[in-house]
Each structure stands twice: as C-alpha cells, then as structure tokens.
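Report on the structure given below.
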Amino acid sequence: GVVGDNMPPKKNEKKKEAVLDPEVGSLCLFNHEEHAWSYGKVISWDGKTAVCKAHENTNPLFTWETGEQLAKLSAEDVFCCNQEVLDENVLDLLSLTVLHDSTLLNVLRKRYFSDYIYTNIGAITVALNPFNFKIPWYTDDNMGKYLAEGDRIEENIPHSWATAHNTFWEMRNATHDPVNQCILVSGESGAGKTEASKIVMKYLAALSCKSGSDAQKQAAVAVGSNINITSAPLEAFGNARTARNDNSSRFGKWMKVQFDDSGFLVGAHITKYLLEKSRIVTASPGERVYHSFYCLCRASDKAKWDILSDTDYRSTSAGKQSANKEFDTAEEFVEINTNLQTLGVSVETIESIWKVVAGVLNLENADFEASGEGSQIGKNSQQWVDKTVKAWSIDGAVFTKELITTTLDTRDGPVETLLNPMKARDGRSALTKTLYDHQFSWIIETCNNTLNVEGDGRWIGLLDIFGFEDFEINSFEQLCINLANESLQNHYNKYIFEKDMDECRTEGIDVTAVEFPDNGPCLRMITGKGGIFAMLDEECALGTGSDESFLSKTVDACSGDAYKEFFTKKTLAKASFIIHHYAGSVSYEIANFLDKNRDTLKIAFVNLMRASSDALICTLLPPAQSKKMTVGGFFKSQVADLMDLINSTNPHWIRCVKPHPAKKPLSFHGVKTMQQLASSGVLGTVKIRKAGFPVRIQFEHFVEAYSIIGTTGTEAKDRCQAIINNSGLDPKTAQIGKARVFLKSDSYVELEKLKKIKLELHNVVFLAHCRAYLAIIGLKQVVYDANKAAVDQMREEVRREVRAKYESERAEREAREAEEREALAAIADGLANIGRDADTAGNNIVEQEHREWTKLMEDFENMFAVIEEMVSEREEREEQEKIEREEEAQRLLDDAATQIQRTLRGWLCRTKLLRQLTERARAQTEYDVDSRIFRQHMVMLALDTQRVLMEDDFAQSANRRNAADEREAQWKANEARRQAQVKAVEERKMEKFLMQQQMEDEVTEHALIEAHRLRVQRQEVERHKKIRKAQENIGKKAIAAALQAEAFEARELKARETESYQLRRQRDFAVTQESFNEAVEQSRTQRTRVLQDSAAYKNGQHQYATMEAEEQAARRLPSPPLVLNEILKSPQYSTPSRQ
C-alpha cells in the first residue's frame, strides 16, 4: 500500500520504503531464497503476504523448478511488471525501462545463459566468469575486430578489450589533464580479476604495436613479453588456492603501464598492497598456503635445500589440500626459476630465494614446550631449527636463545625474560611472516628493475585488488580490505555522479539542488582523526592496551549521531562491532586486533638476519627502528597515496562476478550474484542515477505519452513545456533539455498519476457510450426474439414458393425435352427410308444419289446444328432462369439473414472493442502499479537521502557552532589577557618614566643603598636556587633508590613466585608502575618549579644589570638638594614600590 500522504517521519525513525500491493494474476519477478529474483506470476495476496508461482521454464539451463510456488512473500519481495520489461535484453543496463534489482539481474542472467558474459552499466563493464574459454565470439581470433575500430568501440559488443581500447585512445588523444588513465579491476576470489587484467594487458600490448616501425614494434613486444614473464614468479609467491579459487591473488597489485609519446609500450611498474601474511604459516580447511611452498616440495632437486614432502610440514598440510590445478609440478618450479633468470636474477640469488622458503617451512615445524617459568624447544623440533639455521646461514646458538627469550629495556638496563610456549610460537611466526613478506617485496622490486623506465611519458594504471569481503568471521585483514573498497567506491560515486551531472548540464538542466549518495562519513569514521584506526594505533602505543579497551573506546567514539548510520554494537556481541559499508553490514571480531596491527618483530631477530652470511638474506630486512609504523597506519597511508594517484587519472572500471560458487559453466546463483553486484558498486550506479534525473524521455515520446494532459503549440519542445505547465510540476524537478525531458522520480509519478486521472475521465465518457450502444443492441435482440416466429413462418413460405416454382419449371422442361426427342426420332426414320430408296435405285444413278445425299447430309447437319443451337439456347435460358430463381430465393434468404448477421456482427465488434478496452485498462493498471512502485521507491530513497544529509548538516552545524563558541571564548580570554598585558606594560612604562625622572634627581648615596640591596637580593636568589637544586638531587636519588629497591624486591618476589602467583604479581607490577609514574610526575613538577625559579633569577639579573647601568649614570650626576632627599624617602618612592 501507499504510506501516509506527506506525513513526515518521526525523529530518529527510519522511514520504510513504500511499495504497492501485488496484483493477483499479474506477471512478476519475485524474490527467491536461492535465485534472488525468479520469473513468475502472482497467485494470491491477502493484504500482508503473497503467493507466487514460477513461470513455465522453457530454458533447461535455468535452475528453478517449473511451477514452484513460494508463499509468505512481502510486498517488497514482489516486483510486478509487464512482458515487455521481462523481454528486455540490452547492452547497457542503464537503458532498461525500469531500473530495479530484479530487472537488472534478469538481463544479466539471460545474457549469461546465451554466452554473453560482458554487459555495461554506465562506465562499468560487468564481467561474469563463464569458466569456459571457448565461447566463439570471445576467442583471441576476434581481437582483430576490436583493433580495427577507431578511437572508440562502437560496432562490437562489450568486452574487456573494449575497455582497454577506449582507455588507450583516451590517453593518446588527451590534450589536457587528466592525461593518464587507469582501469580498476575488482571482484571476489575466483571472479576472474587476474584473468581480466591479463586480457587487458595483452590487448594494450597488441594495440600499441598496431602501427610504427619494425624496431618500435619489436621493442613493445619485448616489453609485453617481460610483463608476462613476471606473472609466474608473482603468482607463485603471492597466490594460493582458496575455497573459491585455485589461483587466488592474496595481495593487491597496481601496475603502471608506461607508453612513449607515440603510444608504444615501453615499460611498467608494480606496487603491492597488503600481502595476506597469515597464509604464510597456515591455511583453512580445503585451502593451501602460497604456491611457492608446494613448488619447492615438488622440485626434482629439492634435496639441495633438504626439503621433504609437503605432507611432512605443518604449514603445507594445515588445510589438508595438497593437489591443485596450478603451480603443483616440478615443471612449474623450473618455469619460475627460468623466468627469474630472464628478469636478471642470478642462479645463486635464486637458490637464496628458495632457502628463505625452505627455512619458513622448517621453522614452522618447530614447536615449544613448557620448561619452568619459560619454554624450551620441543624434543623433536631441534632438527627443524638446525635446518633453518643452515638454510638462512645464521648463528645457531643466538637463534635458539632468541626463540625462547626476549630482552626488555628498563632503567637498570636490559633485562632478559623467558617466553612461555605461546609467546615463543608467536615470535617464531612473526619472523617467518616478516621475512617472506620482505622477500616478496624484493621480487617485485626486481621485476620493476627490469620493467620500469624513467621518464615523463603517459601511462595507464591497472589495479587488480581484492574485492569487498564479508565472511563468517571477519578480522583486521577484512577491515583493511574493506577500507580500500570503501575508498574506491567513494571515488566512483563522485566521478559517476559528476559525469551524470555533466550530461544534464549539456542539455541545459539546472542541477544545483541535486546531491549524491556519499559514504564519506563512513571513511572518516574509519580513517579520520579520532577514528577506528587512530584509536587502534593509540591502544597499540599504550603499554596496557588491550582488544577490549580498544572496543570500548571505539564504541564510545562511533556511537554518536555523526556515525550512527554506519556503526552498530550489539549488546549480546561482547567482542565485535558492526560497520555498515556501502555494500552491506560486516561484523568484525576484535580478537588479536592489536597484535595484528603491531606486527612487531624482535630487534634481535632483525639484527640476527642482517648478520646472515647469505648475500640475499642479509639484505631482506631493513635496519631495526625504535618507532615503527603500525600495519593499519601503513596501509591507510598506502590507500591514501593510491587514491591520490587514481584521482589524478581518468578512471575506467571492470567488475568481475563469479556467477556460482561451484565454478562450473552455465551455473547461476542469483543471491551470490546480487551480493557481488552490491559489493562491486554496480547497484550503487543505479542509486547514483536515481539521485539525479533518472527519467529522461525524448520529446516525441513524451508528447505521445502525456498529450492527454493538455498541450498546445506545433513544435515538440513547446508541446512538452505546455504539458509540464498544465501538470503543475515544480520546474526544479521537471526540466526541458535540448532533445529530452528530464524528470525526477516524484515528478514522473505525478505525471503518471495525472495521466491516469485524465484517462479515467475519458474512460467514463467512452464507457457511457459503450453502455448505451450495448443497450440498443439488447433492445434489438429483444425485438428479434419477439418476432422470431413470424420471421420463421415468412422464411418457410418463401421456401414453399421457391420449391413449387422449381417443380413447375422442371415439369415444363421435361415436356419440351420429350417433344424434342420425338422430332429427332422422326428425322432419323426419314433419313433411314431415304437411304433404303437410294440403295435400290442402281449403280447408274450413284453419282446423282451421292450428290443428293451429300446435299441432304449438309442440310441435315445444318438443321441439326440449328436444333442443337436452339436446344442449347433453351437450356441456357432455363439454366439462367433457374439461377435467377435460385438467386432470388437466396437473396430473400440473405436479406432475411443479413439483418441477423449485422446484428450479431455489431454485437461481436462491440464485444471485441470492450475486451480491448478492458485489456488496455488492465495494461494501464499494471503500468500504474509499476510506476507507483518506482515512484514510491524513489520517494523513499530521496527522503532517506535528504534525512541523512539533514542530520549530517545538523551535526556539522552543531560542531561548527561549538567550535565557533570555543574560538569566541578563547578570543575573549586572549583579548582580556592582551588588555591586561597592555595595561601592565603601560604601567611599567609610566613607572619607568617616573623612575627615570627620580633617578635624575637621586643622590649617589641612595643609589648605592639600592645597589647594595639588589646585590643582597641576587645572592638570596642564588642561595635559594642551590637549595632547590640540592633538594631535587636528593629527590632524584631517593626516587632512584626507591625504584631500585622496588625492582630488587620485584626480582626477589619473581624468583619465589609460582604459577598461581602470576595474577598477584601483575597487580603488584601495576602498583609499582603507578608509583613510578607518580614519582616521575613529582620529579617533572619539581623540575618545572626549578625552571620557573631559574626564569625569576634571570629576570632579577636583568633588573640588577639595569640598576647597575642606572647607578653608573647617577654617579656622574651632581648631588641633589636636601629637599629631593626627603621626597625620595617618602613611601610613594620607596624601594618596595619600585621593586
């Protein structure tokens, strides 16, 4: 139903989207728990829930059951539409008649099952992974068709080639900033991001070599070949098998593809983002760690690194998934090494690379067991430590010691502490993860040394980055990944909205009042000052920080009005919080947030690895730093730099979608697909379009559709303007462009409503005429029924008359035929007699008889012909009379039936017309339902957006007012302070002036007395300073002695404590720490006082110097009179007053 007329929502109440009730019998797309939106028909509607039945399934590839029924569907789960909407199949989803999640998915599903996997939606190319590389129109032999086109793809269907083609020529033809371009590829694991990036890279290499000299072509081909060569090493060390993909990239990659001024490919530069470190040491069930570990275990010469089977290592067998389709053979191991050599890496360095991998495998097998207060290497683990030491060429004794101990820096110097087994394992894994991560960075830098070229040429950035993630358990890694996607979506929203507004401005449309959906507050909540990352870094900096205190601070900071739409903390979820991202709400578990953010490695491990005798390993880790940037802080800065780089380019997008988790051809899972469309920003494009003027109609179509409202003029534009004026729409929501009418959703709905009212008025008149006509037909039917007996009697009399006339004519005809037969018989007899007479006459008269016979026969023939002609004429005349009689009878019958037929035909025509009117009214009703759903949906979205913006504006206004009040108070305080200072300065100036006047008259005796007093005062200040300094030294020594005593006592207690005493020891340590902090604070206070006294002493010195100068000047003056001495002795000019 329709929500209340213009009733504003209550405060803090989220307005529910208005929808129309489903109409029984109408076609629809209804929400299915597996297929998302299925094609069917509304069976029933009870006012609250609907029952829908799936349509007859003519496509055997579709997965839903024919005739399946779903009950208890709400109005929001049913989208009613007509057959034309269901049959739409477009190349650009923004061209759909109705923009709705259901229609969008319907088109993608139909195209996918027709083997068309690429579809545009505005600036985005949506690529559904077909898991089939043999689709005829997507094979490489079709690339030439795209290469043959001009600056823009216009003839060929959507493809990643088309995106690369348009991007390249926009870079070549750009005459002003932004000259450089970028292609942003995203999607979940297994959606085809890496493959899409390879397709784009391959096409760019082919396109850049399309023209030019042979040398230029060969150089570009060589660069493209080197870029392809880097794939194997990067995928081996940065990719892994996951539950969704056999070769999933576990890091983000930005490749800057470089071109010279002529458009030839000359180089590339690679930047990595956030390698998944946890996959270095372990994997979830059904998954593997990085490919490099398995390749080393498959190598034919693995004995060189003292490596066993992958099943012998804890990390490679953690997921219980050994086999894989890619990077699982000895041949691939050889291919990786060959590619590294091609990139300029020596054989010795390659061996060192695999030594690092071997050391990681071995060290992760080492375990620790409890030993007293600390731990020791397990009984069966020493062999793995020894293998690691050998592989990394490091000091074994130092390494073994550092595995189970750590060193703390205290006031008394470094203190060695034992590690329990859990902390020892954490330290071990921190080393392996850090070393592997830095080696991967080294491999990328090596690739850059081969590919990168210096210069200011143009370039195309290719971003292959992880998509939005929402798992059953989400942690710190997912927060970082989703931060990157949130930032990219914010950039996309602004770019697409501005592009849409430019199109409106080109048409002359006023868009000053249009606002777009902004996720900026969510970004500020995560990365801004006082945001989640800032509080996480703050907790990491505190010695007593914990995951629980971080959660508490996060909840306090993000639960206010500014972020209430983006943050939720459920009461029952004690160790998690929820962020409402653009793609959906994600619950983050805070366990180990601080440890993952710190990612600290012991300085001793860094120094140990840098002391390795291996030429590569000793350079992998940078020198230890006292203050290291956190993982979150580093990633935040990386994302900020990436966004600055993207903002300096002209962007293009490829969104990869995995249509079914089974990863099989022609399999489609609607719910999973819709989730990916939301997370990739495809559905966000629809929201952005609707924020502006979503309805854009050509002038001719607009006049044809709405002329019933009332229009004047001859030109189409004038008639459109007249329609808008007559409809009373707000000019800001309904505007006339150069060739189209631009409408807001609410204006479009108002037009449809007004059109419906006008049609209803016309229908009333038309139906009145139809009823009158039907009444006349009914009256005629009554008259016909009343005179039916008379009509039947008349018809029977006509039939009898026709029958009698026919019988009499038949008798006459038979009589004439009998007479003719008798005449013919008489003629025949006469001829027979003549023949007999001729035979008996003799042969002498044969010739005469012959002549006579011949003449006689001619006469007979002539007579016979005349007779036949007469008979024929008579038969024709009789036949004609018969026909005329029959026609007359038929005419009478027809005349009698014509009136009946006319009556029936008229009744049938009117029935047909009425049926057409009824069908048109039903179609109009269906259209009205669709329009009402669309209008109310847009109204609700607009109201929600307006409410969010108003709340944001109110919060910002309140913040600005508070800030202004604080600034005003601060200004007033500063002004008062300044006035007081000015007044004090004036007083000091006046006093100085009076003193100067007095000094001119002062006597030398008084000056000497004053100088003596100042000397005494200075001596007193110095004495006090020495006393305070002595007190400070005594306090420091007392504090140091107390701390030493406490430390000694703590060490004594620590030697005697047991496991049950650990908790009490921690409390004592906290008390000691607090006492230490108080002592430090007291020392700081004393130091401040000393500094203040020192400043006062310096001020006294300055005054004494001034007085000394004045005394010297006074000595040169003559002795003052006695009266002046008396004045100087008065209280007004006494020494305390001057002081």
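For the structure tokens, the naming scheme is as follows: chains receive sequential letters (A, B, ...) according to their order of presentation, residues are indexed from 1 within each chain, and ligands are indexed from 1 in presentation order.
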- Message: Just list as a VMD selection string whatever in region 487-665 of chain A DSSP marks as helix (DSSP H, G or I).
- Response: chain A and resid 487 to 506 520 to 527 532 to 541 547 to 558 561 to 563 593 to 598 603 to 610 617 to 620 631 to 647
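Among the candidates A:Trp384, A:Tyr273, A:Tyr39, A:Phe497, the residue lying nearest to Asp367 (chain A) is A:Trp384 (atoms considered: only C-alpha atoms).
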Region 1089-1103 of chain A: which residues within 7 Å, counting only C-alpha atoms, same-chain residues fewer than 6 positions away excluded, as a short mmCIF file (atom, residue, chain, number, x, y, z; two decimals) with N, CA, C and O atoms, in the first residue's frame?
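What follows is the written file selection-v9.cif:
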data_model
loop_
_atom_site.label_atom_id
_atom_site.label_comp_id
_atom_site.auth_asym_id
_atom_site.auth_seq_id
_atom_site.Cartn_x
_atom_site.Cartn_y
_atom_site.Cartn_z
N ARG A 1018 70.10 39.35 44.93
CA ARG A 1018 70.65 38.39 43.97
C ARG A 1018 71.32 37.23 44.69
O ARG A 1018 71.18 36.07 44.30
N VAL A 1021 68.65 34.90 45.89
CA VAL A 1021 68.11 34.08 44.80
C VAL A 1021 69.05 32.93 44.47
O VAL A 1021 68.63 31.78 44.27
N ARG A 1028 67.27 24.51 46.12
CA ARG A 1028 66.30 23.71 45.33
C ARG A 1028 67.02 22.63 44.51
O ARG A 1028 66.52 21.51 44.36
#
- Within 12 Å of Trp354 (chain A), counting only C-alpha atoms, which residues show up once you throw out same-chain ones fewer than 2 positions away? Write them as a PyMOL selection string, please. chain A and resi 233+236-237+292-297+299+301-307+333+336-337+347-352+356-361+388+391-392+436+439-440+616-617
What does the file look like for those residues with C-alpha atoms, as a compact mmCIF listing (two decimals), in the first residue's frame?
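What follows is the written file result06.txt:
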# COMPACT_ATOMS: atom_id res chain seq x y z
CA PRO A 233 57.06 -15.58 -10.01
CA ALA A 236 53.92 -18.41 -7.20
CA PHE A 237 54.88 -16.24 -4.22
CA SER A 292 55.88 -21.42 -3.67
CA PHE A 293 55.96 -23.87 -0.74
CA TYR A 294 54.39 -26.68 -2.80
CA CYS A 295 56.53 -25.94 -5.85
CA LEU A 296 59.66 -26.37 -3.70
CA CYS A 297 58.32 -29.66 -2.32
CA ALA A 299 61.11 -29.83 -7.22
CA ASP A 301 66.33 -31.23 -6.86
CA LYS A 302 64.66 -30.37 -3.56
CA ALA A 303 67.37 -32.33 -1.71
CA LYS A 304 69.60 -29.32 -2.36
CA TRP A 305 67.51 -27.45 0.22
CA ASP A 306 66.98 -30.53 2.43
CA ILE A 307 63.20 -30.49 1.79
CA PHE A 333 59.16 -24.91 -10.41
CA ILE A 336 59.56 -19.95 -12.12
CA ASN A 337 63.36 -20.16 -11.97
CA VAL A 347 71.38 -18.63 -10.09
CA GLU A 348 72.94 -18.05 -6.65
CA THR A 349 70.27 -15.49 -5.74
CA ILE A 350 67.50 -17.84 -6.91
CA GLU A 351 68.88 -20.51 -4.61
CA SER A 352 68.82 -17.99 -1.75
CA VAL A 356 64.09 -18.50 2.60
CA VAL A 357 61.10 -20.63 1.61
CA ALA A 358 62.78 -23.76 2.97
CA GLY A 359 63.60 -22.02 6.24
CA VAL A 360 59.99 -20.92 6.67
CA LEU A 361 58.77 -24.49 6.11
CA THR A 388 66.52 -23.36 9.39
CA ALA A 391 69.27 -22.57 5.22
CA TRP A 392 69.48 -18.98 6.45
CA TYR A 436 58.62 -13.98 3.49
CA GLN A 439 61.29 -11.32 0.11
CA PHE A 440 58.08 -10.95 -1.92
CA LEU A 616 70.39 -12.04 -0.24
CA ILE A 617 69.01 -12.90 3.19
- Item | Within 12 Å of region 256-263 of chain A using only C-alpha atoms, minus same-chain residues under 5 positions, as a ChimeraX atom specification | /A:164,167-174,179-184,197,200-202,204-213,216-217,219-220,223-224,227,268-272,448,451-464,642,645-646,649
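Excluding Ala162 (chain A) itself and same-chain residues fewer than 5 positions from it, the residues having an atom within 10 Å of it are Thr125, Met143, Tyr146, Leu147, Glu149, Arg152, Ile153, Glu154, Asn156, Ile157, Thr167, Phe168, Val200 and Tyr203 of chain A, counting only C-alpha atoms.
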- Min atom-atom distance to Pro158 (chain A) from the set A:Leu949, A:Leu105, A:Val90, A:Leu761, counting only C-alpha atoms, belongs to A:Val90
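Taking CA of Ser552 (chain A) as the reference point, CA of Gly467 (chain A) is found at 29.0 Å.
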- Query: Which residues, written as an NGL selection string, have at least one atom at most 10 Å from region 484-486 of chain A, with only C-alpha atoms counted and residues fewer than 3 positions away on the same chain left out?
  - Reply: :A and (186 or 252 or 273 or 465-469 or 478-481 or 489-492 or 519-520 or 522-523 or 581-583 or 635-636 or 638-640 or 642-643 or 679-681)
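If you measure from each of A:Cys618, A:Ala424, A:Leu751, A:Leu666 to Gly378 (chain A) using only C-alpha atoms, the closest one turns out to be A:Ala424.
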- Task: Looking only at strand (DSSP E or B) from DSSP on the backbone, list the matching residues of region 50-149 of chain A as a ChimeraX atom specification.
- Result: /A:50-54,69-73,78-80,92,118-121,124-128
